[in-house]
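Q: Can you read through this structure? Questions will come right after.
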Amino acid sequence: MKKLFLFLITLGVLALMAWGFYQAIYAAPTEATMGDVQRIFYYHVPHGMLSYLFFSINFVASLLVLAWRRSNPARAQVADAWALAGAEVGVVFCSVVLVTGPIWGRPVWGIWWTWDARLTTTLVLWLIYVSYLLVRRFAAGSQTPALAAVLSVFGALDMPINYLANRLWRTQHPSPVFGGGPDSGIKDPDMLAAFGWNILAWAVWGLAVLAIRIYIQRRQQAIDAASASAALAAD
Amino acid sequence: MPGFSKNSARAGWPGLVWSHLRKDLRIEWRSREAINSMLFFALLVVVLFSMAFDPTAATSREIAGGVLCVATLFASVSALNQAWSREIRHQVLDALRMTPADAAALFIAKALANFLFVSVVQIVLGPVFFIFYNLHPLGDAWLLLLVVPLGTWALVANGTFFAALSIRSRNRELLLPLILFPIFLPALLAMVLSVKTILNGDGSDPQLLWIKLLAGYDVLFTTISLLLFATVLDAE
């Protein structure tokens with residue numbers, strides 16, 4: 001029953017992603033000035049938005065780790081699994097943003113990369129969360145969740161700056177498509193549909209990976225706890 | 001112990017900071033470990049860059065700010081690691097953890113001590129730097145007195161915090177730069193750009209936007225560090 005359920009979910013996610021791909025590459029109309037390169041927008045922007053979602057999951061879970069660390073260690077462990085999974089999936093999404101951006105920038109701007117506020121803060125965001133994952137790897141033992149949670153707070157500081165970067169400053173990066181003023185938003189309904197399907201597909205995909213990662217981390221925590229108590233019993 | 005409680009009541013926040021700071025300054029005065037190693041290291045970086053780029057007066061104005069920042073950055077990383085690993089010997093850190101004193105006072109004192117050490121290095125290195133790179137600032141040179149301390153504080157406040165965070169990890173010497181550099185990047189950018197504007201004197205930043213940004217960064221990150229330092233110190 002459980003296996004059938006998982007199979008159906010996997011199938012659903014794959015079908016949704018295939019539909020999103022069809023929408024972005026075939027169904028959406030070609031953009032007037034940029035041509036087919038513009039289609040990368042249907043991947044770049046959803047991944048950027050969803051990386052905020054996963055980094056926010058990491059941030060909230062980290063705050064819960066700090067809050068429950070002493071009073072409720074069992075719950076803090078659950079929150080820690082969420083924090084780790086959120087950071088890992090977030091880094092994957094942020095990496096996609098950083099790869100698709102230059103691929104679009106090269107034909108449209110003529111350069112792969114420029115150090116404007118949006119691009120720089122995105123790179124910093126990515127670097128901070130990679131260093132978060134490194135801390136988790138290097139810091140040994142029971143203090144890892146608390147130390148990582150502290151670093152996560154610093155990482156979360158960069159998120160609003162990154163969000164506001166092309167709203168506050170004039171950047172080479174295009175101004176925001178959504179929530180950027182009265183003139184923003186996608187006017188063409190087919191383009192909006194392609195965008196909507198892709199953000200849905202990638203959100204579902206990301207959340208599925210997040211759930212799997214949390215499950216694995218919870219199992220790992222159980223194994224660690226069992227081996228720790230076995231070592232105590234052997235003494 | 002009535003006398004004890006009276007004493008501890010009198011030893012307020014400034015008193016705590018001062019006693020931690022005095023201890024660190026005295027250790028440094030007697031050993032001169034941090035300043036000497038930083039000074040030589042920063043000097044080497046300046047010489048290396050000078051040879052690698054062979055700068056003329058015009059290009060050196062462009063790159064000098066960056067070289068100065070990066071030289072301080074690299075040099076201070078080793079000293080920042082030292083600052084806490086010194087406390088691990090003889091279990092000083094455990095003793096500090098057990099005192100009822102506010103952990104944030106310890107953090108501020110450590111950051112201030114590191115700030116003084118790095119500033120001494122910059123004061124000694126500054127003239128050498130101007131000679132090697134043939135610098136004549138074309139803008140308001142006195143603004144450097146504002147920018148350099150602000151940038152240094154951004155470096156040492158974060159550096160002290162993350163050195164404490166990475167102190168109990170395996171290969172901590174490696175971990176500190178890996179965490180510190182990404183967090184410090186915005187401050188580095190602000191510092192480099194404002195130094196460049198000052199040296200060039202091109203008036204490209206009339207509202208001193210980058211200096212304000214640097215000051216904002218300092219306030220924000222120092223506040224967060226103060227709030228979270230107790231967590232880092234007690235993480236077990």
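Naming scheme: A, B, ... for chains in displayed order of the structure tokens; residues 1 onward per chain; ligands 1 onward as shown.
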Please find the residues of chain B near chain A - the criterion being any atom within 8 Å, counting only C-alpha atoms - and write them as a JSON list (two decimals) with N, CA and C atoms, in the first residue's frame.
A:
```
[["chain", "number", "residue", "atom", "x", "y", "z"],
["B", 165, "LEU", "N", 32.50, 30.00, 16.80],
["B", 165, "LEU", "CA", 31.60, 28.96, 16.30],
["B", 165, "LEU", "C", 32.36, 27.74, 15.80],
["B", 166, "SER", "N", 33.50, 27.99, 15.13],
["B", 166, "SER", "CA", 34.20, 26.87, 14.50],
["B", 166, "SER", "C", 35.24, 26.26, 15.43],
["B", 168, "ARG", "N", 35.25, 24.35, 18.03],
["B", 168, "ARG", "CA", 35.19, 22.96, 18.48],
["B", 168, "ARG", "C", 35.05, 21.98, 17.34],
["B", 169, "SER", "N", 35.17, 22.46, 16.11],
["B", 169, "SER", "CA", 35.01, 21.53, 15.00],
["B", 169, "SER", "C", 36.35, 20.91, 14.63],
["B", 170, "ARG", "N", 36.27, 19.81, 13.88],
["B", 170, "ARG", "CA", 37.50, 19.29, 13.30],
["B", 170, "ARG", "C", 38.04, 20.33, 12.32],
["B", 171, "ASN", "N", 39.30, 20.27, 12.00],
["B", 171, "ASN", "CA", 40.00, 21.25, 11.14],
["B", 171, "ASN", "C", 39.38, 22.65, 11.16],
["B", 175, "LEU", "N", 37.93, 25.84, 8.57],
["B", 175, "LEU", "CA", 36.50, 26.18, 8.58],
["B", 175, "LEU", "C", 36.26, 27.68, 8.71],
["B", 178, "LEU", "N", 36.17, 29.58, 5.54],
["B", 178, "LEU", "CA", 35.06, 29.12, 4.71],
["B", 178, "LEU", "C", 33.74, 29.74, 5.13],
["B", 179, "ILE", "N", 33.56, 29.99, 6.42],
["B", 179, "ILE", "CA", 32.32, 30.65, 6.86],
["B", 179, "ILE", "C", 32.45, 32.15, 6.76],
["B", 182, "PRO", "N", 32.30, 34.32, 2.93],
["B", 182, "PRO", "CA", 31.00, 34.66, 2.31],
["B", 182, "PRO", "C", 30.22, 35.70, 3.09],
["B", 183, "ILE", "N", 30.26, 35.60, 4.43],
["B", 183, "ILE", "CA", 29.49, 36.56, 5.24],
["B", 183, "ILE", "C", 30.10, 37.95, 5.12],
["B", 185, "LEU", "N", 31.72, 39.19, 2.57],
["B", 185, "LEU", "CA", 31.74, 39.71, 1.19],
["B", 185, "LEU", "C", 31.06, 41.07, 1.00],
["B", 224, "ILE", "N", 23.32, 41.02, 15.74],
["B", 224, "ILE", "CA", 23.00, 39.59, 15.65],
["B", 224, "ILE", "C", 24.04, 38.77, 16.40],
["B", 228, "LEU", "N", 23.37, 36.21, 19.55],
["B", 228, "LEU", "CA", 23.53, 34.77, 19.38],
["B", 228, "LEU", "C", 24.79, 34.23, 20.04],
["B", 231, "THR", "N", 24.54, 31.43, 22.67],
["B", 231, "THR", "CA", 24.22, 30.13, 22.08],
["B", 231, "THR", "C", 25.48, 29.43, 21.59],
["B", 232, "VAL", "N", 26.33, 30.20, 20.91],
["B", 232, "VAL", "CA", 27.55, 29.61, 20.36],
["B", 232, "VAL", "C", 28.48, 29.16, 21.48],
["B", 235, "ALA", "N", 27.09, 25.99, 23.21],
["B", 235, "ALA", "CA", 26.68, 24.86, 22.38],
["B", 235, "ALA", "C", 27.49, 23.62, 22.75],
["B", 236, "GLU", "N", 26.82, 22.67, 23.29],
["B", 236, "GLU", "CA", 27.52, 21.40, 23.64],
["B", 236, "GLU", "C", 26.64, 20.24, 23.23]]
```
Q: Neighbouring residues of stretch 45-57 of chain A were defined as those with any atom within 9 Å, considering only C-alpha atoms; residues of the same chain fewer than 4 positions away were excluded. Please report them as a PyMOL selection string.
A: chain A and resi 40-41+61-62+82-83+85-97+129+152+155-156+159+163+177+195-196+198-200+202-203+206-207+210
Q: Using C-alpha atoms, can you write the selected residues to a file as a JSON list (two decimals), in the first residue's frame?
A:
```json
[["chain", "number", "residue", "atom", "x", "y", "z"],
["A", 40, "ILE", "CA", 14.78, 29.97, -19.76],
["A", 41, "PHE", "CA", 12.73, 32.45, -17.73],
["A", 61, "ALA", "CA", 13.49, 25.29, 11.40],
["A", 62, "SER", "CA", 16.77, 26.77, 12.67],
["A", 82, "TRP", "CA", 14.00, 20.10, 8.36],
["A", 83, "ALA", "CA", 16.76, 22.72, 8.52],
["A", 85, "ALA", "CA", 16.91, 19.34, 4.14],
["A", 86, "GLY", "CA", 15.80, 22.93, 3.50],
["A", 87, "ALA", "CA", 19.37, 24.12, 3.07],
["A", 88, "GLU", "CA", 20.34, 21.26, 0.76],
["A", 89, "VAL", "CA", 17.33, 21.61, -1.52],
["A", 90, "GLY", "CA", 17.69, 25.40, -1.41],
["A", 91, "VAL", "CA", 21.31, 25.20, -2.54],
["A", 92, "VAL", "CA", 20.27, 22.98, -5.47],
["A", 93, "PHE", "CA", 17.59, 25.49, -6.53],
["A", 94, "CYS", "CA", 19.94, 28.44, -6.06],
["A", 95, "SER", "CA", 22.58, 26.64, -8.17],
["A", 96, "VAL", "CA", 20.05, 26.27, -10.97],
["A", 97, "VAL", "CA", 19.38, 30.02, -10.76],
["A", 129, "TYR", "CA", 24.42, 28.19, 2.41],
["A", 152, "SER", "CA", 21.49, 29.99, 9.25],
["A", 155, "GLY", "CA", 22.30, 33.45, 5.90],
["A", 156, "ALA", "CA", 18.69, 34.52, 6.27],
["A", 159, "MET", "CA", 17.59, 36.91, 1.74],
["A", 163, "TYR", "CA", 14.93, 40.17, -2.73],
["A", 177, "VAL", "CA", 8.39, 40.52, -12.99],
["A", 195, "PHE", "CA", 5.11, 30.06, -15.71],
["A", 196, "GLY", "CA", 2.40, 28.84, -13.33],
["A", 198, "ASN", "CA", 6.49, 25.30, -13.99],
["A", 199, "ILE", "CA", 6.47, 26.88, -10.57],
["A", 200, "LEU", "CA", 3.92, 24.28, -9.47],
["A", 202, "TRP", "CA", 9.20, 22.44, -9.46],
["A", 203, "ALA", "CA", 7.62, 23.23, -6.10],
["A", 206, "GLY", "CA", 11.36, 20.22, -4.46],
["A", 207, "LEU", "CA", 8.96, 19.41, -1.66],
["A", 210, "LEU", "CA", 12.65, 17.72, 0.87]]
```
Q: When you look at B:Arg32 with a cut-off of 12 Å (counting only C-alpha atoms), what residues show up, excluding the ones that are within fewer than 4 positions of it in the same chain? I need them as number ranges by chain.
A: B: 24-28, 36-39, 79, 82, 117, 120-121
Q: Excluding B:Phe184 and residues on its chain fewer than 4 positions from it, collect all residues at most 8 Å away from it, counting only C-alpha atoms, and give them as a count of residues only.
A: 5
Q: With distances taken over only C-alpha atoms, which residue among B:Arg61, B:Phe132, B:Ser76, B:Met98 lies nearest B:Phe49?
A: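 That would be B:Phe132, the residue with the smallest distance to B:Phe49.
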Q: Could you list, as a list of chain:residue names, every residue within 8 Å of A:Pro102, counting only C-alpha atoms and ignoring same-chain residues fewer than 5 positions away?
A: A:Ile111, A:Trp112, A:Trp113
Q: Quick one, how far is atom CA of A:Ala225 from atom CA of A:Val78?
A: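 Calculated distance between atom CA of A:Ala225 and atom CA of A:Val78 is 13.4 Å.
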Q: Nearest to A:Thr10: which of A:Ile25, A:Ala234, A:Ile216, A:Val209 is it, counting only C-alpha atoms?
A: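 Answer, going by the shortest atom-to-atom distance: A:Val209.
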Q: Point out the residue among B:Val77, B:Ala157, B:Leu189, B:Ala105 with the least atom-to-atom distance to B:Gly12, counting only C-alpha atoms.
A: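 With only C-alpha atoms as the atom set, the closest residue is B:Ala105.
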Q: Write out as a ChimeraX atom specification all residues of stretch 135-189 of chain B that DSSP puts in helix (DSSP H, G or I) for this structure's backbone.
A: /B:141-166,172-189
Q: Dump N, CA and C atoms for the selected residues as a short mmCIF file (atom, residue, chain, number, x, y, z; two decimals), in the first residue's frame?
A:
```
data_model
loop_
_atom_site.label_atom_id
_atom_site.label_comp_id
_atom_site.auth_asym_id
_atom_site.auth_seq_id
_atom_site.Cartn_x
_atom_site.Cartn_y
_atom_site.Cartn_z
N ALA B 141 41.13 62.31 1.82
CA ALA B 141 41.88 61.23 2.46
C ALA B 141 41.41 60.97 3.88
N TRP B 142 40.88 62.02 4.55
CA TRP B 142 40.47 61.82 5.94
C TRP B 142 39.32 60.82 6.05
N LEU B 143 38.58 60.62 4.96
CA LEU B 143 37.50 59.65 4.99
C LEU B 143 38.02 58.23 5.20
N LEU B 144 39.29 58.02 4.83
CA LEU B 144 39.89 56.69 5.08
C LEU B 144 39.85 56.37 6.55
N LEU B 145 39.97 57.40 7.39
CA LEU B 145 39.93 57.19 8.84
C LEU B 145 38.56 56.70 9.30
N LEU B 146 37.57 56.88 8.47
CA LEU B 146 36.24 56.38 8.78
C LEU B 146 36.02 55.00 8.16
N VAL B 147 36.44 54.88 6.90
CA VAL B 147 36.15 53.65 6.16
C VAL B 147 36.94 52.46 6.70
N VAL B 148 38.24 52.66 6.93
CA VAL B 148 39.08 51.53 7.33
C VAL B 148 38.65 50.97 8.69
N PRO B 149 38.43 51.81 9.72
CA PRO B 149 37.93 51.21 10.98
C PRO B 149 36.58 50.52 10.84
N LEU B 150 35.68 51.10 10.05
CA LEU B 150 34.37 50.45 9.87
C LEU B 150 34.52 49.08 9.23
N GLY B 151 35.37 49.01 8.19
CA GLY B 151 35.59 47.74 7.53
C GLY B 151 36.29 46.75 8.44
N THR B 152 37.25 47.25 9.22
CA THR B 152 37.97 46.38 10.14
C THR B 152 37.03 45.83 11.20
N TRP B 153 36.12 46.70 11.68
CA TRP B 153 35.17 46.21 12.68
C TRP B 153 34.27 45.13 12.09
N ALA B 154 33.82 45.34 10.86
CA ALA B 154 33.00 44.31 10.21
C ALA B 154 33.75 42.99 10.16
N LEU B 155 35.05 43.09 9.87
CA LEU B 155 35.86 41.87 9.78
C LEU B 155 36.03 41.21 11.14
N VAL B 156 36.44 41.98 12.16
CA VAL B 156 36.77 41.34 13.44
C VAL B 156 35.51 40.93 14.20
N ALA B 157 34.42 41.69 14.08
CA ALA B 157 33.21 41.28 14.80
C ALA B 157 32.72 39.94 14.27
N ASN B 158 32.60 39.84 12.93
CA ASN B 158 32.18 38.56 12.36
C ASN B 158 33.23 37.49 12.60
N GLY B 159 34.50 37.88 12.44
CA GLY B 159 35.57 36.90 12.59
C GLY B 159 35.62 36.32 13.99
N THR B 160 35.48 37.18 15.00
CA THR B 160 35.49 36.70 16.38
C THR B 160 34.33 35.76 16.62
N PHE B 161 33.18 36.14 16.08
CA PHE B 161 31.98 35.31 16.26
C PHE B 161 32.16 33.94 15.62
N PHE B 162 32.60 33.93 14.37
CA PHE B 162 32.67 32.65 13.66
C PHE B 162 33.87 31.83 14.08
N ALA B 163 34.90 32.49 14.61
CA ALA B 163 36.00 31.71 15.17
C ALA B 163 35.51 30.96 16.40
N ALA B 164 34.66 31.61 17.21
CA ALA B 164 34.09 30.92 18.36
C ALA B 164 33.19 29.78 17.92
N LEU B 165 32.50 30.00 16.80
CA LEU B 165 31.60 28.96 16.30
C LEU B 165 32.36 27.74 15.80
N SER B 166 33.50 27.99 15.13
CA SER B 166 34.20 26.87 14.50
C SER B 166 35.24 26.26 15.43
N ARG B 172 39.43 23.27 12.35
CA ARG B 172 38.83 24.60 12.51
C ARG B 172 39.59 25.67 11.75
N GLU B 173 40.89 25.46 11.55
CA GLU B 173 41.68 26.46 10.83
C GLU B 173 41.13 26.65 9.42
N LEU B 174 40.63 25.57 8.87
CA LEU B 174 40.08 25.64 7.52
C LEU B 174 38.66 26.19 7.53
N LEU B 175 37.93 25.84 8.57
CA LEU B 175 36.50 26.18 8.58
C LEU B 175 36.26 27.68 8.71
N LEU B 176 37.06 28.36 9.53
CA LEU B 176 36.81 29.79 9.76
C LEU B 176 36.76 30.61 8.47
N PRO B 177 37.81 30.53 7.60
CA PRO B 177 37.68 31.31 6.35
C PRO B 177 36.50 30.87 5.50
N LEU B 178 36.17 29.58 5.54
CA LEU B 178 35.06 29.12 4.71
C LEU B 178 33.74 29.74 5.13
N ILE B 179 33.56 29.99 6.42
CA ILE B 179 32.32 30.65 6.86
C ILE B 179 32.45 32.15 6.76
N LEU B 180 33.61 32.66 7.19
CA LEU B 180 33.76 34.11 7.33
C LEU B 180 33.72 34.84 5.98
N PHE B 181 34.41 34.30 4.97
CA PHE B 181 34.54 35.04 3.72
C PHE B 181 33.19 35.32 3.05
N PRO B 182 32.30 34.32 2.93
CA PRO B 182 31.00 34.66 2.31
C PRO B 182 30.22 35.70 3.09
N ILE B 183 30.26 35.60 4.43
CA ILE B 183 29.49 36.56 5.24
C ILE B 183 30.10 37.95 5.12
N PHE B 184 31.45 38.01 5.00
CA PHE B 184 32.15 39.29 4.97
C PHE B 184 32.08 39.95 3.59
N LEU B 185 31.72 39.19 2.57
CA LEU B 185 31.74 39.71 1.19
C LEU B 185 31.06 41.07 1.00
N PRO B 186 29.83 41.26 1.51
CA PRO B 186 29.19 42.58 1.31
C PRO B 186 30.02 43.72 1.91
N ALA B 187 30.59 43.48 3.10
CA ALA B 187 31.40 44.52 3.73
C ALA B 187 32.66 44.78 2.92
N LEU B 188 33.25 43.70 2.40
CA LEU B 188 34.46 43.84 1.57
C LEU B 188 34.16 44.71 0.35
N LEU B 189 33.03 44.42 -0.28
CA LEU B 189 32.64 45.17 -1.47
C LEU B 189 32.48 46.66 -1.13
#
```
Q: Go ahead and compute the interatomic distance for atom CA of B:Val219 and atom CA of B:Leu16, in Å to one decimal.
A: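 Rounded to one decimal, the two atoms are 21.4 Å apart.
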Q: Give me, as a PDB file with N, CA and C atoms, in the first residue's frame, all polymer residues having an atom no more than 10 Å from A:His173, counting only C-alpha atoms and skipping those fewer than 4 positions away in the same chain.
A:
```
ATOM      1  N   GLY A 101      21.005  31.751 -15.210  1.00  0.00           N
ATOM      2  CA  GLY A 101      21.169  33.192 -15.395  1.00  0.00           C
ATOM      3  C   GLY A 101      22.203  33.532 -16.462  1.00  0.00           C
ATOM      4  N   GLY A 105      22.110  35.371 -19.936  1.00  0.00           N
ATOM      5  CA  GLY A 105      22.800  36.653 -20.014  1.00  0.00           C
ATOM      6  C   GLY A 105      23.727  36.758 -21.215  1.00  0.00           C
ATOM      7  N   TRP A 109      22.694  39.937 -22.896  1.00  0.00           N
ATOM      8  CA  TRP A 109      23.537  41.060 -22.476  1.00  0.00           C
ATOM      9  C   TRP A 109      24.862  41.094 -23.234  1.00  0.00           C
ATOM     10  N   THR A 114      27.926  39.844 -14.484  1.00  0.00           N
ATOM     11  CA  THR A 114      28.305  41.203 -14.119  1.00  0.00           C
ATOM     12  C   THR A 114      28.103  41.334 -12.620  1.00  0.00           C
ATOM     13  N   TRP A 115      28.871  42.232 -11.994  1.00  0.00           N
ATOM     14  CA  TRP A 115      28.774  42.321 -10.536  1.00  0.00           C
ATOM     15  C   TRP A 115      27.744  43.354 -10.138  1.00  0.00           C
ATOM     16  N   ASP A 116      26.511  43.168 -10.532  1.00  0.00           N
ATOM     17  CA  ASP A 116      25.492  44.092 -10.043  1.00  0.00           C
ATOM     18  C   ASP A 116      24.893  43.541  -8.750  1.00  0.00           C
ATOM     19  N   ALA A 117      24.030  44.349  -8.115  1.00  0.00           N
ATOM     20  CA  ALA A 117      23.591  44.005  -6.754  1.00  0.00           C
ATOM     21  C   ALA A 117      22.849  42.674  -6.713  1.00  0.00           C
ATOM     22  N   ARG A 118      21.983  42.423  -7.706  1.00  0.00           N
ATOM     23  CA  ARG A 118      21.185  41.200  -7.666  1.00  0.00           C
ATOM     24  C   ARG A 118      22.065  39.969  -7.810  1.00  0.00           C
ATOM     25  N   LEU A 119      22.955  40.005  -8.793  1.00  0.00           N
ATOM     26  CA  LEU A 119      23.800  38.839  -9.045  1.00  0.00           C
ATOM     27  C   LEU A 119      24.752  38.589  -7.883  1.00  0.00           C
ATOM     28  N   ALA A 165      17.210  43.707  -3.899  1.00  0.00           N
ATOM     29  CA  ALA A 165      18.342  44.246  -4.668  1.00  0.00           C
ATOM     30  C   ALA A 165      17.895  44.935  -5.955  1.00  0.00           C
ATOM     31  N   ASN A 166      17.035  44.287  -6.749  1.00  0.00           N
ATOM     32  CA  ASN A 166      16.661  44.950  -8.005  1.00  0.00           C
ATOM     33  C   ASN A 166      15.407  45.813  -7.840  1.00  0.00           C
TER      34      ASN A 166
END
```
Q: Contacts of A:Ala15 at 10 Å or less, counting only C-alpha atoms, minus same-chain residues fewer than 6 places along, as a short mmCIF file (atom, residue, chain, number, x, y, z; two decimals) with C-alpha atoms, in the first residue's frame?
A:
```
data_model
loop_
_atom_site.label_atom_id
_atom_site.label_comp_id
_atom_site.auth_asym_id
_atom_site.auth_seq_id
_atom_site.Cartn_x
_atom_site.Cartn_y
_atom_site.Cartn_z
CA ILE A 9 3.30 10.26 -6.08
CA PHE A 21 8.37 21.26 -19.81
CA ALA A 201 5.89 21.37 -10.96
#
```
